[in-house]
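Raw model17.txt, compact mmCIF, C-alpha atoms and all ligand atoms:
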# COMPACT_ATOMS: atom_id res chain seq x y z
CA MET Q 1 0.00 0.00 0.00
CA LEU Q 2 1.20 3.51 -0.84
CA ALA Q 3 -0.27 6.53 0.94
CA ARG Q 4 -0.26 10.22 0.12
CA SER Q 5 -2.16 13.29 1.27
CA LEU Q 6 -3.09 16.54 -0.41
CA HIS Q 7 -5.23 19.57 0.24
CA LEU Q 8 -8.10 20.86 -1.89
CA ALA Q 9 -8.58 24.58 -1.28
CA ASP Q 10 -11.91 24.77 -3.08
CA LEU Q 11 -14.31 23.21 -5.59
CA ASP Q 12 -11.99 24.02 -8.51
CA ALA Q 13 -9.25 21.98 -6.87
CA ALA Q 14 -11.72 19.10 -6.42
CA ALA Q 15 -12.64 19.33 -10.11
CA ARG Q 16 -8.96 19.18 -11.09
CA LEU Q 17 -8.35 16.12 -8.90
CA GLY Q 18 -11.43 14.47 -10.40
CA ALA Q 19 -10.17 15.13 -13.92
CA ARG Q 20 -6.75 13.66 -13.11
CA LEU Q 21 -8.43 10.62 -11.59
CA ALA Q 22 -10.66 10.23 -14.66
CA GLY Q 23 -7.57 10.17 -16.86
CA LEU Q 24 -6.10 7.29 -14.88
CA LEU Q 25 -9.15 5.01 -14.72
CA GLU Q 26 -8.90 1.58 -16.30
CA THR Q 27 -11.25 -1.36 -16.55
CA GLY Q 28 -11.44 -3.18 -13.23
CA ASP Q 29 -10.72 -0.13 -11.06
CA ALA Q 30 -12.48 0.36 -7.75
CA VAL Q 31 -12.31 3.81 -6.18
CA LEU Q 32 -13.61 3.89 -2.61
CA LEU Q 33 -14.74 7.33 -1.43
CA GLU Q 34 -14.68 7.62 2.36
CA GLY Q 35 -15.62 10.42 4.73
CA GLY Q 36 -18.66 11.68 6.63
CA LEU Q 37 -21.73 13.48 5.32
CA GLY Q 38 -20.67 16.59 3.46
CA ALA Q 39 -17.03 15.53 3.16
CA GLY Q 40 -17.11 15.98 -0.62
CA LYS Q 41 -17.46 12.40 -1.91
CA THR Q 42 -20.23 13.11 -4.41
CA THR Q 43 -18.50 16.29 -5.56
CA LEU Q 44 -15.36 14.36 -6.44
CA ALA Q 45 -17.34 11.56 -8.10
CA ARG Q 46 -19.22 14.16 -10.18
CA ALA Q 47 -15.92 15.68 -11.28
CA VAL Q 48 -14.75 12.27 -12.51
CA ILE Q 49 -18.07 11.66 -14.30
CA ALA Q 50 -17.96 15.11 -15.91
CA ALA Q 51 -14.41 14.61 -17.14
CA LEU Q 52 -15.15 11.18 -18.61
CA THR Q 53 -18.64 11.63 -20.02
CA GLY Q 54 -19.30 15.37 -20.25
CA GLU Q 55 -22.29 14.91 -17.93
CA THR Q 56 -21.99 17.93 -15.64
CA ASP Q 57 -25.19 17.45 -13.66
CA ALA Q 58 -24.91 13.85 -12.47
CA PRO Q 59 -27.56 13.00 -9.85
CA SER Q 60 -26.44 11.67 -6.47
CA PRO Q 61 -27.42 7.96 -6.31
CA THR Q 62 -28.71 8.49 -2.77
CA TYR Q 63 -31.87 6.44 -3.28
CA THR Q 64 -31.10 4.45 -6.43
CA LEU Q 65 -27.80 3.33 -4.79
CA THR Q 66 -26.13 3.11 -8.21
CA GLN Q 67 -26.01 5.14 -11.39
CA SER Q 68 -24.24 4.06 -14.59
CA TYR Q 69 -22.50 6.17 -17.20
CA GLU Q 70 -20.93 5.30 -20.51
CA ALA Q 71 -17.87 7.17 -21.69
CA PRO Q 72 -16.89 7.44 -25.35
CA GLY Q 73 -15.30 4.16 -26.38
CA GLY Q 74 -17.77 2.10 -24.35
CA PHE Q 75 -15.98 2.44 -21.01
CA LEU Q 76 -18.58 2.08 -18.24
CA LEU Q 77 -18.50 4.04 -15.01
CA LEU Q 78 -20.62 3.04 -12.03
CA HIS Q 79 -21.28 5.58 -9.27
CA ALA Q 80 -22.61 4.00 -6.08
CA ASP Q 81 -23.76 5.54 -2.80
CA LEU Q 82 -24.19 2.72 -0.29
CA TYR Q 83 -25.28 4.89 2.66
CA ARG Q 84 -28.79 3.43 2.48
CA LEU Q 85 -27.70 -0.14 1.91
CA ASP Q 86 -28.73 -1.82 5.14
CA ASP Q 87 -28.97 -5.40 3.87
CA PRO Q 88 -25.51 -6.64 2.88
CA GLY Q 89 -27.31 -9.47 1.05
CA ALA Q 90 -28.49 -6.85 -1.45
CA LEU Q 91 -24.87 -6.17 -2.43
CA ASP Q 92 -25.01 -8.88 -5.11
CA GLU Q 93 -27.82 -7.04 -6.86
CA LEU Q 94 -25.81 -3.86 -7.22
CA GLY Q 95 -23.72 -5.38 -10.01
CA LEU Q 96 -20.35 -4.22 -8.74
CA ASP Q 97 -18.44 -7.19 -10.12
CA GLU Q 98 -20.11 -6.78 -13.53
CA ALA Q 99 -19.27 -3.08 -13.45
CA LEU Q 100 -15.59 -3.87 -12.92
CA ASP Q 101 -15.66 -6.31 -15.85
CA HIS Q 102 -16.63 -3.47 -18.18
CA GLY Q 103 -15.25 -0.35 -16.53
CA ALA Q 104 -14.66 1.29 -13.16
CA ALA Q 105 -16.68 1.95 -10.01
CA LEU Q 106 -16.73 5.00 -7.73
CA ILE Q 107 -18.20 3.92 -4.41
CA GLU Q 108 -19.35 6.18 -1.57
CA TRP Q 109 -19.72 4.64 1.91
CA PRO Q 110 -17.56 1.60 1.04
CA ASP Q 111 -17.68 0.44 4.69
CA ARG Q 112 -21.02 -1.11 3.66
CA LEU Q 113 -19.17 -3.46 1.30
CA GLY Q 114 -18.16 -5.89 4.02
CA ALA Q 115 -15.70 -8.41 2.63
CA TRP Q 116 -15.98 -7.10 -0.96
CA ARG Q 117 -12.69 -5.24 -1.29
CA PRO Q 118 -10.86 -5.61 -4.62
CA ALA Q 119 -7.09 -6.08 -4.36
CA ASP Q 120 -6.58 -3.27 -6.87
CA ARG Q 121 -8.27 -0.30 -5.28
CA LEU Q 122 -7.78 3.36 -4.54
CA GLU Q 123 -9.13 4.52 -1.20
CA ILE Q 124 -9.82 8.25 -0.97
CA ARG Q 125 -10.70 9.67 2.44
CA LEU Q 126 -12.00 13.24 2.48
CA GLU Q 127 -12.06 15.51 5.51
CA GLU Q 128 -13.44 19.00 5.86
CA THR Q 129 -10.84 21.51 7.05
CA GLY Q 130 -11.46 24.74 8.94
CA ASP Q 131 -10.66 26.90 5.89
CA GLY Q 132 -13.57 25.50 3.88
CA GLY Q 133 -11.36 23.16 1.89
CA ARG Q 134 -10.76 19.45 2.17
CA ASP Q 135 -7.85 17.23 3.16
CA VAL Q 136 -7.55 14.17 0.95
CA HIS Q 137 -5.85 10.99 2.12
CA LEU Q 138 -5.07 8.54 -0.66
CA ALA Q 139 -4.27 4.86 -0.10
CA ALA Q 140 -3.25 3.01 -3.25
CA HIS Q 141 -3.54 -0.77 -3.18
CA GLY Q 142 -2.38 -3.25 -5.81
CA ASN Q 143 -1.94 -1.81 -9.28
CA TRP Q 144 -2.93 1.67 -8.08
CA GLU Q 145 0.50 2.03 -6.47
CA THR Q 146 2.16 2.65 -9.84
CA ARG Q 147 -0.37 5.35 -10.75
CA LEU Q 148 -0.34 7.34 -7.50
CA ASP Q 149 2.46 9.65 -8.70
CA ARG Q 150 0.27 10.86 -11.56
CA LEU Q 151 -2.60 11.62 -9.19
CA ALA Q 152 -0.91 13.47 -6.34
N1 LIG R 201 -13.14 20.37 -2.20
C1 LIG R 201 -14.16 21.11 -1.75
N2 LIG R 201 -13.96 22.40 -1.39
C2 LIG R 201 -15.01 23.15 -0.96
N3 LIG R 201 -16.29 22.71 -0.83
C3 LIG R 201 -16.54 21.44 -1.17
C4 LIG R 201 -15.51 20.57 -1.64
N4 LIG R 201 -16.04 19.36 -1.88
C5 LIG R 201 -17.35 19.47 -1.58
N5 LIG R 201 -17.67 20.71 -1.15
C6 LIG R 201 -19.02 21.16 -0.75
O1 LIG R 201 -19.45 20.38 0.35
C7 LIG R 201 -20.84 20.07 0.26
C8 LIG R 201 -21.06 18.58 0.41
O2 LIG R 201 -20.40 17.90 -0.64
P1 LIG R 201 -20.83 16.45 -1.11
O3 LIG R 201 -19.92 16.12 -2.23
O4 LIG R 201 -22.29 16.38 -1.36
O5 LIG R 201 -20.49 15.56 0.18
P2 LIG R 201 -20.73 14.01 0.47
O6 LIG R 201 -21.09 13.33 -0.82
O7 LIG R 201 -19.41 13.52 1.01
O8 LIG R 201 -21.81 13.92 1.51
C9 LIG R 201 -21.30 20.61 -1.09
O9 LIG R 201 -22.00 21.82 -0.85
C10 LIG R 201 -20.03 20.90 -1.84
O10 LIG R 201 -20.16 21.99 -2.71
MG MG R 202 -22.69 11.94 -1.25

Once you've parsed the file, please lay out its structure as structure tokens.
Amino acid sequence: MLARSLHLADLDAAARLGARLAGLLETGDAVLLEGGLGAGKTTLARAVIAALTGETDAPSPTYTLTQSYEAPGGFLLLHADLYRLDDPGALDELGLDEALDHGAALIEWPDRLGAWRPADRLEIRLEETGDGGRDVHLAAHGNWETRLDRLA
């Protein structure tokens, strides 16, 4: 595992990080977005979606739990918000494994995943800071280790 931290001063900085992340995504990638309510998980996911698909008004999958996007070239991007997943048995129905067969997954509240934790994964923990920005703690596992330098 390789770890790194950075600071996002504002929403523009979050958009730039999302765009860099979008440029690094490959089929099979799991990106786990951690942090409390309001930490900035959806904001970062939206930045990735916007960079990959041009969709600038992606809905938060608060109630649908997942939302799929297709980027040019057929690359699929799954955005999941598992906050309301209370039955771990329902995990199978979310199609996470299928999503990773055809693209990448951005997953908010990954603590709900239980034992489902791909070996190749990027964990991003967001924390609000007193100045209105966010601290970002990155933990690169598996094949993400070789890409961390291009992200932060
Ligand atoms: N990097 C950032 N800098 C400043 N404000 C941010 C940043 N990221 C998110 N915000 C703001 O914080 C609020 C909550 O963000 P959101 O992404 O919905 O959080 P979460 O999905 O973690 O609950 C939004 O109003 C958003 O504009
Ligand atoms: Mg959210």

### Task
Mind giving me the straight-line distance from atom CA of Leu126 of chain Q to atom CA of Leu148 of chain Q in Å, one decimal?
16.4 Å

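When all atoms listed in the file are used to measure the gap to ligand LIG 201 (chain R), the shortest distance among Q:Gly35, Q:Gly28, Q:Gly130, Q:Pro118 belongs to Q:Gly35.
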
Box in all listed atoms of segment 89-101 of chain Q, axis-aligned, with 4 Å more on each side; write out centre and edge lengths in Å to one decimal as JSON.
{"center_x": -22.0, "center_y": -6.3, "center_z": -7.4, "size_x": 20.9, "size_y": 14.4, "size_z": 24.9}

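Once Leu24 of chain Q and its same-chain neighbours fewer than 3 positions away are set aside, Q:Arg20, Q:Leu21, Q:Arg147, Q:Leu151 remain within 8 Å of it when counting all atoms listed in the file.
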
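Near (-22.8, 2.5, 1.8), the residues that fall inside 6 Å on the basis of only C-alpha atoms are Asp81, Leu82, Tyr83, Leu85, Trp109, Pro110 and Arg112 of chain Q.
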
Per residue of chain Q within 12 Å of ligand LIG 201 (chain R), record the nearest atom pair and its distance in Å to one decimal, counting all atoms listed in the file, with rows in chain order and ascending residue number, as a tab-separated table.
residue	atom	partner	partner_atom	distance
Q:Leu6	CA	R:LIG201	N1	10.9
Q:His7	CA	R:LIG201	N1	8.3
Q:Leu8	CA	R:LIG201	N1	5.1
Q:Ala9	CA	R:LIG201	N2	5.8
Q:Asp10	CA	R:LIG201	N2	3.6
Q:Leu11	CA	R:LIG201	N2	4.3
Q:Asp12	CA	R:LIG201	N1	7.4
Q:Ala13	CA	R:LIG201	N1	6.3
Q:Ala14	CA	R:LIG201	N1	4.6
Q:Ala15	CA	R:LIG201	N1	8.0
Q:Arg16	CA	R:LIG201	N1	9.9
Q:Leu17	CA	R:LIG201	N1	9.3
Q:Gly18	CA	R:LIG201	N1	10.2
Q:Leu32	CA	R:LIG201	O7	11.8
Q:Leu33	CA	R:LIG201	O7	8.1
Q:Glu34	CA	R:LIG201	O7	7.7
Q:Gly35	CA	R:LIG201	O7	6.1
Q:Gly36	CA	R:LIG201	O7	6.0
Q:Leu37	CA	R:LIG201	O8	3.8
Q:Gly38	CA	R:LIG201	O5	3.4
Q:Ala39	CA	R:LIG201	O7	3.8
Q:Gly40	CA	R:LIG201	O3	3.2
Q:Lys41	CA	R:LIG201	O7	3.7
Q:Thr42	CA	R:LIG201	O6	3.7
Q:Thr43	CA	R:LIG201	O3	3.6
Q:Leu44	CA	R:LIG201	O3	6.5
Q:Ala45	CA	R:LIG201	O3	7.9
Q:Arg46	CA	R:LIG201	O3	8.2
Q:Ala47	CA	R:LIG201	O3	9.9
Q:Ala58	CA	R:LIG201	O3	11.6
Q:Pro59	CA	R:LIG201	O4	10.5
Q:Ser60	CA	R:LIG201	O6	8.0
Q:Pro61	CA	R:LIG201	O6	10.0
Q:Thr62	CA	R:LIG201	O6	9.2
Q:His79	CA	R:LIG201	O6	11.5
Q:Ala80	CA	R:LIG201	O6	10.8
Q:Asp81	CA	R:LIG201	O6	8.5
Q:Leu82	CA	R:LIG201	O6	11.1
Q:Tyr83	CA	R:LIG201	O8	9.7
Q:Leu106	CA	R:LIG201	O6	11.7
Q:Ile107	CA	R:LIG201	O6	10.5
Q:Glu108	CA	R:LIG201	O6	7.4
Q:Trp109	CA	R:LIG201	O7	8.9
Q:Ile124	CA	R:LIG201	O7	11.1
Q:Arg125	CA	R:LIG201	O7	9.6
Q:Leu126	CA	R:LIG201	O7	7.6
Q:Glu127	CA	R:LIG201	O7	8.8
Q:Glu128	CA	R:LIG201	C1	7.9
Q:Thr129	CA	R:LIG201	N2	9.0
Q:Gly130	CA	R:LIG201	C2	10.6
Q:Asp131	CA	R:LIG201	C2	8.9
Q:Gly132	CA	R:LIG201	C2	5.6
Q:Gly133	CA	R:LIG201	N2	4.3
Q:Arg134	CA	R:LIG201	N1	5.1
Q:Asp135	CA	R:LIG201	N1	8.2
Q:Val136	CA	R:LIG201	N1	8.9

### Task
Using only C-alpha atoms, determine which residues lie at most 8 Å from Leu122 of chain Q, disregarding the query and same-chain residues fewer than 6 positions distant; provide the list as a ChimeraX atom specification.
/Q:29-32,138-141,144

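Considering all atoms listed in the file, the residue among Q:Pro88, Q:Asp120, Q:His137, Q:Tyr63 positioned nearest to ligand MG 202 (chain R) is Q:Tyr63.
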
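Minimum atom-to-atom distance to Asp97 of chain Q, evaluated using all atoms listed in the file, belongs to Q:Thr27 out of Q:Gly73, Q:Thr27, Q:Arg84, Q:Gln67.
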
### Query
So how far away is atom CA of Leu96 of chain Q from atom CA of Ala119 of chain Q, in Å?
14.1 Å

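Computed from the coordinates, the atom CA of Gly103 of chain Q to atom CA of Leu78 of chain Q distance equals 7.8 Å.
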
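Residues having any atom no farther than 6 Å from (-15.9, 2.9, -16.2) (counting all atoms listed in the file) are Phe75, Leu76, Leu77, Gly103 and Ala104 of chain Q.
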
Can you rebuild segment 29-45 of chain Q with N, CA and C atoms and give it as a PDB file, in the coordinates of the input?
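Output (rebuild_12.pdb):
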ATOM      1  N   ASP Q  29     -11.103  -1.006 -12.170  1.00  0.00           N
ATOM      2  CA  ASP Q  29     -10.720  -0.130 -11.060  1.00  0.00           C
ATOM      3  C   ASP Q  29     -11.851   0.115 -10.072  1.00  0.00           C
ATOM      4  N   ALA Q  30     -11.554  -0.030  -8.801  1.00  0.00           N
ATOM      5  CA  ALA Q  30     -12.480   0.360  -7.750  1.00  0.00           C
ATOM      6  C   ALA Q  30     -11.899   1.568  -7.015  1.00  0.00           C
ATOM      7  N   VAL Q  31     -12.710   2.622  -6.921  1.00  0.00           N
ATOM      8  CA  VAL Q  31     -12.310   3.810  -6.180  1.00  0.00           C
ATOM      9  C   VAL Q  31     -13.272   3.960  -5.010  1.00  0.00           C
ATOM     10  N   LEU Q  32     -12.758   3.844  -3.800  1.00  0.00           N
ATOM     11  CA  LEU Q  32     -13.610   3.890  -2.610  1.00  0.00           C
ATOM     12  C   LEU Q  32     -13.534   5.276  -1.995  1.00  0.00           C
ATOM     13  N   LEU Q  33     -14.678   5.952  -1.921  1.00  0.00           N
ATOM     14  CA  LEU Q  33     -14.740   7.330  -1.430  1.00  0.00           C
ATOM     15  C   LEU Q  33     -15.248   7.329   0.008  1.00  0.00           C
ATOM     16  N   GLU Q  34     -14.348   7.674   0.939  1.00  0.00           N
ATOM     17  CA  GLU Q  34     -14.680   7.620   2.360  1.00  0.00           C
ATOM     18  C   GLU Q  34     -14.750   9.024   2.949  1.00  0.00           C
ATOM     19  N   GLY Q  35     -15.479   9.135   4.064  1.00  0.00           N
ATOM     20  CA  GLY Q  35     -15.620  10.420   4.730  1.00  0.00           C
ATOM     21  C   GLY Q  35     -17.077  10.632   5.104  1.00  0.00           C
ATOM     22  N   GLY Q  36     -17.312  11.468   6.105  1.00  0.00           N
ATOM     23  CA  GLY Q  36     -18.660  11.680   6.630  1.00  0.00           C
ATOM     24  C   GLY Q  36     -19.555  12.441   5.671  1.00  0.00           C
ATOM     25  N   LEU Q  37     -20.771  12.695   6.114  1.00  0.00           N
ATOM     26  CA  LEU Q  37     -21.730  13.480   5.320  1.00  0.00           C
ATOM     27  C   LEU Q  37     -21.141  14.860   5.063  1.00  0.00           C
ATOM     28  N   GLY Q  38     -21.162  15.268   3.811  1.00  0.00           N
ATOM     29  CA  GLY Q  38     -20.670  16.590   3.460  1.00  0.00           C
ATOM     30  C   GLY Q  38     -19.167  16.669   3.242  1.00  0.00           C
ATOM     31  N   ALA Q  39     -18.498  15.530   3.297  1.00  0.00           N
ATOM     32  CA  ALA Q  39     -17.030  15.530   3.160  1.00  0.00           C
ATOM     33  C   ALA Q  39     -16.593  15.893   1.739  1.00  0.00           C
ATOM     34  N   GLY Q  40     -17.467  15.638   0.757  1.00  0.00           N
ATOM     35  CA  GLY Q  40     -17.110  15.980  -0.620  1.00  0.00           C
ATOM     36  C   GLY Q  40     -16.995  14.769  -1.539  1.00  0.00           C
ATOM     37  N   LYS Q  41     -17.552  13.641  -1.118  1.00  0.00           N
ATOM     38  CA  LYS Q  41     -17.460  12.400  -1.910  1.00  0.00           C
ATOM     39  C   LYS Q  41     -18.190  12.529  -3.255  1.00  0.00           C
ATOM     40  N   THR Q  42     -19.441  12.987  -3.180  1.00  0.00           N
ATOM     41  CA  THR Q  42     -20.230  13.110  -4.410  1.00  0.00           C
ATOM     42  C   THR Q  42     -19.624  14.161  -5.348  1.00  0.00           C
ATOM     43  N   THR Q  43     -19.133  15.232  -4.754  1.00  0.00           N
ATOM     44  CA  THR Q  43     -18.500  16.290  -5.560  1.00  0.00           C
ATOM     45  C   THR Q  43     -17.339  15.743  -6.372  1.00  0.00           C
ATOM     46  N   LEU Q  44     -16.511  14.930  -5.731  1.00  0.00           N
ATOM     47  CA  LEU Q  44     -15.360  14.360  -6.440  1.00  0.00           C
ATOM     48  C   LEU Q  44     -15.826  13.343  -7.487  1.00  0.00           C
ATOM     49  N   ALA Q  45     -16.816  12.533  -7.132  1.00  0.00           N
ATOM     50  CA  ALA Q  45     -17.340  11.560  -8.100  1.00  0.00           C
ATOM     51  C   ALA Q  45     -17.914  12.292  -9.317  1.00  0.00           C
TER      52      ALA Q  45
END
